[in-house]
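Listing of run_27.txt, compact mmCIF, C-alpha atoms and all ligand atoms
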# COMPACT_ATOMS: atom_id res chain seq x y z
CA MET C 529 98.36 53.07 102.81
CA PHE C 530 101.61 54.90 102.14
CA ASP C 531 103.50 51.62 102.61
CA TRP C 532 101.31 50.04 99.96
CA LEU C 533 101.77 52.95 97.53
CA SER C 534 105.51 52.90 98.06
CA LYS C 535 105.80 49.15 97.47
CA TYR C 536 103.45 48.75 94.52
CA ILE C 537 103.61 52.11 92.77
CA PHE C 538 106.63 54.26 93.66
CA TYR C 539 109.17 51.46 93.83
CA PRO C 540 108.40 49.88 90.43
CA ILE C 541 108.29 53.35 88.83
CA TRP C 542 111.69 54.20 90.31
CA GLU C 543 113.03 50.88 89.10
CA ILE C 544 111.93 51.60 85.51
CA LYS C 545 113.35 55.12 85.74
CA ASP C 546 116.72 53.70 86.84
CA GLY C 547 116.61 50.98 84.18
CA ALA C 548 117.28 48.55 87.04
CA HIS C 549 116.28 44.92 87.51
CA ARG C 550 116.28 44.59 91.29
CA LEU C 551 112.65 43.49 91.49
CA LYS C 552 113.20 40.84 88.83
CA TYR C 553 116.22 39.51 90.77
CA LEU C 554 114.21 39.64 93.97
CA ARG C 555 111.48 37.49 92.39
CA GLU C 556 114.10 34.95 91.29
CA LEU C 557 115.70 34.83 94.75
CA THR C 558 112.32 34.62 96.48
CA ASP C 559 111.68 31.55 94.37
CA SER C 560 115.09 29.89 94.71
CA GLN C 561 115.20 30.13 98.52
CA TRP C 562 112.69 27.22 98.55
CA TRP C 563 114.74 25.00 96.24
CA ASN C 564 116.34 22.03 97.91
CA VAL C 565 120.02 22.18 98.66
CA GLU C 566 120.97 19.92 95.72
CA GLN C 567 119.23 22.24 93.24
CA LEU C 568 120.93 25.24 94.81
CA ARG C 569 124.34 23.52 94.70
CA GLN C 570 123.80 22.64 91.05
CA LYS C 571 123.10 26.24 90.13
CA GLN C 572 126.02 27.36 92.28
CA TRP C 573 128.40 24.95 90.52
CA ILE C 574 127.47 26.31 87.08
CA GLN C 575 127.94 29.89 88.31
CA LEU C 576 131.26 28.95 89.88
CA CYS C 577 132.66 27.28 86.75
CA THR C 578 131.63 30.30 84.69
CA MET C 579 133.20 32.77 87.15
CA VAL C 580 136.51 30.91 87.49
CA LYS C 581 136.90 30.57 83.71
CA TYR C 582 135.99 34.25 83.29
CA ALA C 583 138.56 35.30 85.91
CA TYR C 584 141.22 33.23 84.16
CA ASP C 585 140.37 34.78 80.79
CA HIS C 586 139.91 38.39 81.88
CA CYS C 587 141.93 39.10 85.05
CA SER C 588 145.70 38.93 84.69
CA TYR C 589 146.15 38.25 88.42
CA TYR C 590 144.19 35.00 88.30
CA ARG C 591 145.69 33.93 84.95
CA SER C 592 149.22 34.19 86.24
CA SER C 593 148.55 32.66 89.65
CA TYR C 594 146.59 29.76 88.14
CA GLU C 595 149.20 29.12 85.46
CA LYS C 596 151.78 28.74 88.22
CA ILE C 597 149.87 25.71 89.53
CA GLY C 598 149.09 24.35 86.06
CA PHE C 599 145.38 25.19 86.15
CA ASP C 600 143.80 26.27 82.85
CA GLY C 601 140.67 27.91 84.25
CA VAL C 602 138.37 24.95 83.62
CA LEU C 603 136.98 23.34 86.78
CA SER C 604 136.10 19.69 86.52
CA SER C 605 135.41 19.01 90.19
CA TRP C 606 135.05 20.72 93.57
CA GLU C 607 138.49 19.30 94.37
CA ASP C 608 139.92 21.40 91.52
CA PHE C 609 138.32 24.44 93.11
CA TYR C 610 139.60 23.63 96.61
CA SER C 611 143.14 23.44 95.26
CA LEU C 612 143.07 27.04 93.97
CA PRO C 613 145.10 29.54 96.01
CA LEU C 614 143.42 31.74 98.60
CA LEU C 615 143.14 35.47 98.04
CA THR C 616 144.12 37.61 101.03
CA LYS C 617 143.38 41.23 101.85
CA SER C 618 146.99 42.14 101.13
CA ASP C 619 146.80 40.31 97.76
CA ILE C 620 143.89 42.62 96.89
CA ARG C 621 145.69 45.69 98.20
CA GLU C 622 148.83 44.96 96.16
CA ASN C 623 147.18 43.66 92.97
CA ALA C 624 143.86 45.52 92.71
CA GLU C 625 144.46 46.64 89.12
CA LYS C 626 145.29 43.09 87.98
CA ILE C 627 142.23 41.62 89.70
CA LEU C 628 139.93 44.02 87.83
CA SER C 629 138.38 42.51 84.72
CA ASP C 630 139.63 43.75 81.33
CA ARG C 631 136.01 43.69 80.15
CA PHE C 632 135.10 46.71 82.27
CA ILE C 633 136.28 50.29 82.40
CA LYS C 634 137.30 51.01 85.96
CA SER C 635 135.52 54.36 86.10
CA ASN C 636 132.23 52.62 85.26
CA LEU C 637 132.52 50.31 88.25
CA ILE C 638 131.18 51.09 91.71
CA LYS C 639 133.91 51.69 94.24
CA ALA C 640 133.70 50.64 97.90
CA LYS C 641 136.26 51.32 100.56
CA THR C 642 136.19 49.02 103.51
CA GLY C 643 138.07 47.83 106.56
CA GLY C 644 138.54 51.25 108.13
CA SER C 645 137.83 49.84 111.58
CA THR C 646 140.85 47.54 111.42
CA GLY C 647 143.11 50.40 110.43
CA HIS C 648 143.84 48.79 107.04
CA ALA C 649 141.59 50.19 104.37
CA LEU C 650 140.78 48.08 101.34
CA THR C 651 139.26 49.30 98.08
CA VAL C 652 137.13 46.99 95.97
CA TYR C 653 134.99 47.48 92.87
CA PHE C 654 131.85 45.87 91.56
CA ASP C 655 129.70 46.19 88.48
CA GLN C 656 126.20 47.64 88.27
CA LYS C 657 124.41 44.33 87.75
CA CYS C 658 126.24 42.88 90.74
CA GLN C 659 125.07 45.77 92.91
CA GLU C 660 121.46 45.29 91.86
CA MET C 661 121.67 41.56 92.60
CA ARG C 662 123.19 42.30 96.00
CA ASN C 663 120.40 44.75 96.75
CA ALA C 664 117.87 42.09 95.80
CA ALA C 665 119.55 39.55 98.11
CA ALA C 666 119.43 42.03 100.98
CA MET C 667 115.75 42.69 100.25
CA ARG C 668 115.01 38.96 100.34
CA SER C 669 116.63 38.70 103.77
CA ASP C 670 114.95 41.90 104.95
CA ARG C 671 111.63 40.19 104.35
CA TRP C 672 112.59 37.35 106.70
CA ALA C 673 112.70 40.01 109.43
CA GLY C 674 109.35 41.49 108.41
CA TRP C 675 110.77 44.42 106.45
CA ASP C 676 109.28 44.92 103.04
CA MET C 677 110.15 47.69 100.62
CA GLY C 678 108.45 50.99 101.29
CA MET C 679 108.09 50.51 105.04
CA LYS C 680 109.13 53.24 107.42
CA VAL C 681 112.44 52.34 109.07
CA ALA C 682 114.14 53.65 112.20
CA ALA C 683 117.87 53.35 111.54
CA VAL C 684 120.57 53.60 114.18
CA TRP C 685 123.52 54.33 111.97
CA GLY C 686 126.81 56.22 111.86
CA ASN C 687 127.08 59.17 109.50
CA PRO C 688 123.65 58.71 107.92
CA PRO C 689 123.27 59.94 104.35
CA VAL C 690 121.96 63.49 104.09
CA ALA C 691 119.19 64.08 101.58
CA ASP C 692 120.81 67.23 100.18
CA THR C 693 119.50 67.12 96.62
CA PHE C 694 115.96 67.25 95.31
CA LYS C 695 116.28 63.69 93.96
CA LYS C 696 117.49 62.32 97.30
CA LYS C 697 114.72 64.13 99.19
CA ILE C 698 112.07 62.69 96.89
CA ARG C 699 113.62 59.26 97.25
CA ASN C 700 113.58 59.50 101.03
CA ILE C 701 109.94 60.57 101.12
CA PHE C 702 108.61 57.94 98.75
CA LEU C 703 111.02 55.02 98.85
CA ASP C 704 113.65 54.70 101.54
CA ARG C 705 111.58 56.28 104.30
CA PHE C 706 114.26 56.28 106.98
CA LEU C 707 114.43 58.17 110.22
CA TYR C 708 117.91 58.20 111.68
CA LEU C 709 119.65 58.22 115.00
CA ASP C 710 123.24 59.14 114.17
CA THR C 711 125.52 56.86 116.21
CA MET C 712 128.31 59.40 115.95
CA HIS C 713 126.26 61.64 118.24
CA ILE C 714 124.43 59.52 120.76
CA ASN C 715 123.45 61.69 123.69
CA GLU C 716 120.33 62.29 125.73
CA ALA C 717 119.11 65.21 123.56
CA ASN C 718 119.49 63.30 120.27
CA ILE C 719 117.85 60.21 121.72
CA LEU C 720 114.87 62.29 122.90
CA ASP C 721 114.63 63.81 119.42
CA PHE C 722 114.69 60.35 117.91
CA ILE C 723 112.00 59.17 120.35
CA ASN C 724 109.76 62.08 119.33
CA ASN C 725 110.29 61.28 115.66
CA TRP C 726 109.51 57.65 116.36
CA ARG C 727 106.23 58.60 118.02
CA SER C 728 105.11 60.74 115.09
CA GLU C 729 106.35 58.44 112.30
CA ASN C 730 105.68 55.04 113.91
CA PRO C 731 108.33 53.00 112.03
CA LYS C 732 107.75 49.29 111.66
CA ILE C 733 111.39 48.27 111.43
CA LEU C 734 114.43 49.02 113.55
CA PHE C 735 117.72 48.63 111.73
CA GLY C 736 121.33 49.27 112.69
CA HIS C 737 124.63 48.24 114.21
CA ALA C 738 123.95 45.68 116.91
CA HIS C 739 125.66 47.54 119.74
CA SER C 740 124.06 50.86 118.80
CA ILE C 741 120.60 49.30 118.93
CA TYR C 742 121.56 47.95 122.33
CA ILE C 743 122.52 51.45 123.54
CA LEU C 744 119.18 52.78 122.31
CA ALA C 745 117.42 49.93 124.16
CA THR C 746 119.21 50.76 127.42
CA TYR C 747 118.13 54.43 127.11
CA LEU C 748 114.51 53.40 126.55
CA LYS C 749 114.72 51.06 129.52
CA ARG C 750 116.07 53.84 131.72
CA LEU C 751 113.36 56.25 130.51
CA ASP C 752 110.78 53.52 131.13
CA ILE C 753 109.51 53.69 127.55
CA LYS C 754 107.69 50.45 126.85
CA ASP C 755 105.46 51.18 123.88
CA PHE C 756 107.96 50.98 121.00
CA ARG C 757 106.94 47.84 119.18
CA PRO C 758 108.64 47.41 115.79
CA GLN C 759 107.60 44.30 113.88
CA GLY C 760 111.19 43.52 113.02
CA ILE C 761 114.70 44.38 114.22
CA ILE C 762 117.73 43.85 111.99
CA ALA C 763 121.19 43.91 113.55
CA THR C 764 124.03 44.16 111.11
CA SER C 765 127.67 45.12 110.47
CA MET C 766 129.11 43.87 113.72
CA MET C 767 128.95 41.07 116.25
CA LEU C 768 125.66 40.69 118.07
CA LEU C 769 126.48 39.80 121.67
CA GLU C 770 124.01 37.41 123.29
CA PRO C 771 123.50 39.52 126.46
CA GLU C 772 122.84 42.58 124.29
CA ARG C 773 120.44 40.62 122.13
CA ARG C 774 118.44 39.67 125.22
CA VAL C 775 118.19 43.30 126.37
CA ILE C 776 117.07 44.50 122.91
CA GLU C 777 114.47 41.75 122.61
CA SER C 778 113.00 42.45 126.03
CA VAL C 779 112.82 46.24 125.55
CA PHE C 780 111.13 46.02 122.14
CA ASP C 781 109.34 42.70 122.69
CA CYS C 782 110.55 41.65 119.25
CA TYR C 783 113.10 39.13 117.95
CA VAL C 784 116.39 40.44 116.61
CA THR C 785 117.36 39.21 113.15
CA ASN C 786 121.11 38.91 113.02
CA ARG C 787 122.79 39.30 109.67
CA TYR C 788 126.33 39.17 108.43
CA GLY C 789 127.99 40.62 105.39
CA CYS C 790 130.74 42.92 104.21
CA GLU C 791 131.39 45.57 101.59
CA GLU C 792 133.57 43.24 99.53
CA VAL C 793 130.87 40.66 98.72
CA GLY C 794 127.60 41.99 100.17
CA LEU C 795 125.24 39.96 102.31
CA ILE C 796 126.76 36.63 103.32
CA ALA C 797 124.26 35.18 105.76
CA CYS C 798 121.09 36.11 107.62
CA GLU C 799 118.75 34.59 110.16
CA CYS C 800 115.25 33.71 109.05
CA GLU C 801 112.15 33.94 111.23
CA LYS C 802 113.19 30.76 113.08
CA HIS C 803 116.43 32.35 114.40
CA SER C 804 118.23 29.01 114.47
CA GLY C 805 121.43 30.01 112.70
CA LEU C 806 122.12 32.18 109.65
CA HIS C 807 121.17 31.05 106.12
CA LEU C 808 124.10 31.38 103.74
CA ASN C 809 123.43 33.31 100.57
CA ILE C 810 124.68 30.55 98.25
CA ASP C 811 122.75 32.05 95.34
CA HIS C 812 125.55 34.59 95.10
CA LEU C 813 128.46 33.09 96.97
CA VAL C 814 130.47 29.99 97.68
CA VAL C 815 131.22 30.09 101.41
CA GLU C 816 133.91 27.78 102.80
CA LEU C 817 134.86 27.36 106.45
CA LEU C 818 138.50 26.34 106.62
CA LYS C 819 140.73 25.38 109.51
CA ASP C 820 144.14 27.03 109.83
CA ASP C 821 145.74 24.15 107.87
CA GLY C 822 143.36 24.85 104.95
CA SER C 823 141.21 21.75 105.40
CA ALA C 824 137.43 22.01 105.60
CA ALA C 825 135.96 22.43 109.08
CA LEU C 826 133.36 20.02 110.38
CA SER C 827 130.00 21.05 111.80
CA GLY C 828 130.50 22.81 115.13
CA GLU C 829 134.16 23.68 114.53
CA GLU C 830 135.27 27.28 114.61
CA ALA C 831 137.03 28.14 111.33
CA ASN C 832 138.11 30.87 108.91
CA ILE C 833 135.49 32.13 106.47
CA VAL C 834 136.52 32.08 102.81
CA VAL C 835 134.13 33.41 100.15
CA THR C 836 133.91 33.34 96.37
CA ASP C 837 131.71 35.94 94.74
CA LEU C 838 129.63 34.43 91.93
CA ILE C 839 128.15 37.66 90.58
CA ASN C 840 130.87 40.33 90.58
CA TYR C 841 132.32 40.23 87.08
CA GLY C 842 133.90 43.67 87.49
CA MET C 843 136.36 42.48 90.12
CA PRO C 844 136.12 38.73 90.71
CA LEU C 845 137.02 37.65 94.24
CA ILE C 846 137.81 33.95 94.28
CA ARG C 847 138.53 32.10 97.53
CA TYR C 848 138.83 35.38 99.39
CA SER C 849 139.90 34.95 102.99
CA ILE C 850 137.75 37.50 104.71
CA GLU C 851 139.53 37.28 108.08
CA ASP C 852 136.38 36.48 110.01
CA LYS C 853 135.67 33.30 111.88
CA GLY C 854 132.45 31.33 112.03
CA VAL C 855 131.00 27.94 112.92
CA ILE C 856 129.36 25.88 110.17
CA SER C 857 126.24 23.88 110.97
CA ASN C 858 124.87 20.68 109.45
CA GLN C 859 121.41 21.38 110.86
CA VAL C 860 118.52 21.85 108.45
CA CYS C 861 116.37 24.85 109.28
CA SER C 862 112.73 24.09 110.08
CA CYS C 863 111.61 26.99 107.86
CA GLY C 864 112.03 24.75 104.81
CA ARG C 865 114.50 26.94 102.92
CA GLY C 866 117.28 25.04 101.16
CA LEU C 867 119.95 27.62 101.92
CA PRO C 868 122.43 25.97 104.32
CA LEU C 869 123.16 27.34 107.78
CA VAL C 870 126.12 28.79 109.54
CA ASP C 871 125.62 28.37 113.26
CA ARG C 872 127.21 31.67 114.26
CA ILE C 873 129.84 34.22 113.37
CA VAL C 874 132.51 34.24 116.06
CA GLY C 875 134.41 37.36 115.16
CA ARG C 876 137.09 38.85 113.10
CA GLN C 877 140.57 37.48 113.44
CA ALA C 878 141.49 40.93 114.73
CA ASP C 879 138.90 40.47 117.48
CA PHE C 880 141.02 37.90 119.29
CA LEU C 881 143.35 38.66 122.17
CA LYS C 882 146.61 36.86 122.80
CA ARG C 883 147.73 35.07 125.95
CA LEU C 884 151.38 35.18 126.97
CA ASP C 885 151.83 31.65 125.56
CA GLY C 886 150.59 32.88 122.16
CA SER C 887 147.18 31.17 122.32
CA LEU C 888 144.12 33.18 121.32
CA VAL C 889 141.00 34.18 123.21
CA ALA C 890 137.88 35.24 121.32
CA GLY C 891 137.07 38.75 122.52
CA ILE C 892 133.35 38.28 122.01
CA SER C 893 133.22 35.27 124.36
CA LEU C 894 135.29 37.08 126.94
CA ILE C 895 133.04 40.14 126.90
CA GLU C 896 129.90 38.03 127.09
CA ARG C 897 131.31 36.09 130.02
CA THR C 898 132.20 39.18 132.05
CA LEU C 899 129.36 41.51 131.05
CA THR C 900 126.74 38.92 131.90
CA ALA C 901 128.29 37.70 135.13
CA ILE C 902 129.48 40.87 136.82
CA PRO C 903 126.98 43.51 137.92
CA GLY C 904 127.71 47.15 137.16
CA LEU C 905 129.33 46.78 133.75
CA ALA C 906 127.32 48.55 131.05
CA GLU C 907 129.85 48.40 128.23
CA MET C 908 133.39 47.22 127.75
CA GLN C 909 136.26 47.40 125.31
CA LEU C 910 139.49 45.38 125.49
CA ILE C 911 142.64 46.74 123.92
CA GLN C 912 145.93 44.89 123.56
CA ASP C 913 148.83 47.05 122.38
CA GLU C 914 151.56 44.78 123.73
CA LEU C 915 151.61 41.09 124.57
CA GLU C 916 152.06 41.56 128.33
CA ARG C 917 149.27 44.07 128.92
CA ILE C 918 145.54 44.34 128.33
CA CYS C 919 143.78 47.63 128.79
CA VAL C 920 140.08 47.45 129.61
CA LYS C 921 137.75 50.40 129.16
CA VAL C 922 134.58 50.13 131.17
CA VAL C 923 131.39 52.17 131.22
CA LYS C 924 129.67 51.67 134.60
CA ASP C 925 125.97 51.42 135.22
CA SER C 926 123.98 51.95 138.42
CA TYR C 927 124.61 48.39 139.67
CA PHE C 928 128.34 48.97 139.96
CA ASN C 929 129.52 48.10 143.47
CA GLU C 930 132.73 47.73 145.48
CA THR C 931 133.47 44.23 144.15
CA SER C 932 132.71 44.85 140.46
CA GLU C 933 136.24 45.94 139.59
CA SER C 934 137.97 43.15 141.54
CA ASP C 935 135.56 40.56 140.08
CA LEU C 936 136.36 41.75 136.57
CA ARG C 937 140.10 41.70 137.26
CA ARG C 938 139.91 38.20 138.73
CA GLU C 939 137.92 36.89 135.78
CA LEU C 940 140.40 38.30 133.26
CA GLN C 941 143.36 37.07 135.28
CA LEU C 942 141.80 33.59 135.24
CA VAL C 943 141.62 33.65 131.46
CA PHE C 944 144.99 35.29 130.76
CA GLY C 945 147.05 34.09 133.71
CA LYS C 946 148.50 35.97 136.69
CA GLN C 947 151.47 37.33 134.73
CA MET C 948 149.27 39.37 132.39
CA GLN C 949 148.98 43.04 133.40
CA ILE C 950 145.34 44.08 133.44
CA GLU C 951 144.70 47.82 133.39
CA ILE C 952 141.11 48.89 134.03
CA ASN C 953 139.98 52.41 133.10
CA PHE C 954 136.52 53.79 133.69
CA VAL C 955 135.18 56.01 130.94
CA SER C 956 131.88 57.75 130.31
CA ALA C 957 131.50 56.36 126.79
CA LEU C 958 133.40 54.16 124.38
CA SER C 959 134.94 55.63 121.27
CA GLN C 960 133.69 54.57 117.86
CA THR C 961 135.24 54.01 114.47
CA VAL C 962 134.80 56.60 111.73
CA ALA C 963 131.87 54.54 110.44
CA GLY C 964 130.14 54.87 113.80
CA LYS C 965 130.70 51.24 114.80
CA HIS C 966 131.81 50.03 118.18
CA ARG C 967 134.64 47.60 118.48
CA PHE C 968 134.69 45.38 121.53
CA VAL C 969 138.23 44.24 121.01
CA ILE C 970 141.19 45.98 119.47
CA ASN C 971 144.25 43.84 119.02
CA ASN C 972 147.22 45.87 117.82
CA ILE C 973 149.79 43.11 118.13
CA LYS C 974 150.38 40.55 115.42
ZN ZN B 1001 115.31 29.12 108.22

Translate this file's structure into structure tokens.
Ligand SMILES: [Zn+2]
Amino acid sequence: MFDWLSKYIFYPIWEIKDGAHRLKYLRELTDSQWWNVEQLRQKQWIQLCTMVKYAYDHCSYYRSSYEKIGFDGVLSSWEDFYSLPLLTKSDIRENAEKILSDRFIKSNLIKAKTGGSTGHALTVYFDQKCQEMRNAAAMRSDRWAGWDMGMKVAAVWGNPPVADTFKKKIRNIFLDRFLYLDTMHINEANILDFINNWRSENPKILFGHAHSIYILATYLKRLDIKDFRPQGIIATSMMLLEPERRVIESVFDCYVTNRYGCEEVGLIACECEKHSGLHLNIDHLVVELLKDDGSAALSGEEANIVVTDLINYGMPLIRYSIEDKGVISNQVCSCGRGLPLVDRIVGRQADFLKRLDGSLVAGISLIERTLTAIPGLAEMQLIQDELERICVKVVKDSYFNETSESDLRRELQLVFGKQMQIEINFVSALSQTVAGKHRFVINNIK
């Protein structure tokens, strides 16, 4: 009953009070997800031409960089677009003021700071309309996981917002309806508190960082709690490891919906109810997967993700190299949505370790391979501060035995070669970033 009131009464009232258009955008996106891919591409092309011309006219950074290559801001083909220069994180860091549009006053834009976990913060801005459209896109994808507005949500999140004002408290009671487990303080007492809250509030959705949800699942398993049955689980903000996904799904008897996005451009891709890859949000973005030489990757190839934001007129980001890697797919999803698929997100470029010969190893694959195969390893983190040495932090579980450590060492030595020094340290818990995220791999060498 309260869910219904929240969705049909409180939410629309709040929307009118805010003068916002999220629900209108949500209706549009709910409709367009069923368009065929040609219709979606057509709309995307018009948005792209408009955005590139706008950036040329209103952002001095793009004007000067495009003039250097003789481009006048008018796209006549996709080839024109593919020949535009890429935008890197350091380009944004060094030229933020010039990338901002002269049509907006900076103080009226919404500011987001990102990238803290890599040690290189990045500040970006976006306009109000853009934020509402992004919210609507997230709501569309939330629905694929069974989460509709107004539902009670259990969130496993770092530094959750505190409802410290009357307005925020009202909002939390009637609209957002979250109960939190703060991932900055995961311990037995807080988990038991969270479990009690869960029992009294009965949330329908579980939402949070993938690894944090996994930690919660392992606690519930240990406590033999089997009656938590959310109707949807959304894992976001970090890599979802396959072994962890399996544990979460078995503990809650519910599929995990994996989604991928970032502060700079919002939601990029999300699984639908079929869980056969992630649908790209091409209503709002152009997403390219490029090989290191800049050419387009083929289906199944691992490549760098490059995005163009089609809705942020406050600070246009065009051909932004996000420093993540993914694998594009040419499969068509059986759900019938026209939004194309990315097969999987492989990791951030910083999530790769280096062999002595300079070749790279994807940390996520390495962790999956060892965590799954070797008994006794509950959690792991790999840190490379110098080329010749890899430090491994391991949290043991009750299956740890006399061969676990030597098996792990042998496996890593197989991947990195005998010359690589492997240092294994056992810890009681892994440290987190300031945002409460876990990082499986930290590569501090360039
Ligand atoms: Zn689908």

inquiry  = as a count of residues only, please: every protein or nucleic acid residue near ligand ZN 1001 (chain B) (cut-off 12 Å, counting all atoms listed in the file).
reply    = 32

request  = Using only C-alpha atoms, find all polymer residues with an atom at most 12 Å away from the point (124.7, 44.1, 106.2); report them as number ranges by chain.
outcome  = C: 662-663, 665-667, 669-670, 685, 735-738, 762-767, 785-799

key: Polymer residues at most 6 Å from (127.0, 36.2, 114.9) by only C-alpha atoms, as a PyMOL selection string   = chain C and resi 767-768+872-874

Please produce a file of the residues just selected, as a short mmCIF file (atom, residue, chain, number, x, y, z; two decimals), keeping the file's coordinate frame, where the atoms kept are C-alpha atoms.
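Heads up, here's the output in again.cif:
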data_model
loop_
_atom_site.label_atom_id
_atom_site.label_comp_id
_atom_site.auth_asym_id
_atom_site.auth_seq_id
_atom_site.Cartn_x
_atom_site.Cartn_y
_atom_site.Cartn_z
CA MET C 767 128.95 41.07 116.25
CA LEU C 768 125.66 40.69 118.07
CA ARG C 872 127.21 31.67 114.26
CA ILE C 873 129.84 34.22 113.37
CA VAL C 874 132.51 34.24 116.06
#

Close residues, stretch 620-625 of chain C itself excluded, 10 Å, all atoms listed in the file, min 2 positions apart in chain, as a count of residues only = 21

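Note that atom CA of C:Arg967 and atom CA of C:Phe706 are 25.0 Å apart.
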
query = What is the distance between atom CA of C:Phe780 and atom CA of C:Glu896, in Å to one decimal?
reply = 21.0 Å

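The spacing separating atom CA of C:Glu939 from atom CA of C:Ile895 amounts to 10.6 Å.
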
key: Top pick for closest residue to C:Leu576, considering C:Pro903, C:Gly601, C:Gly886, C:Pro731 and counting only C-alpha atoms   = C:Gly601
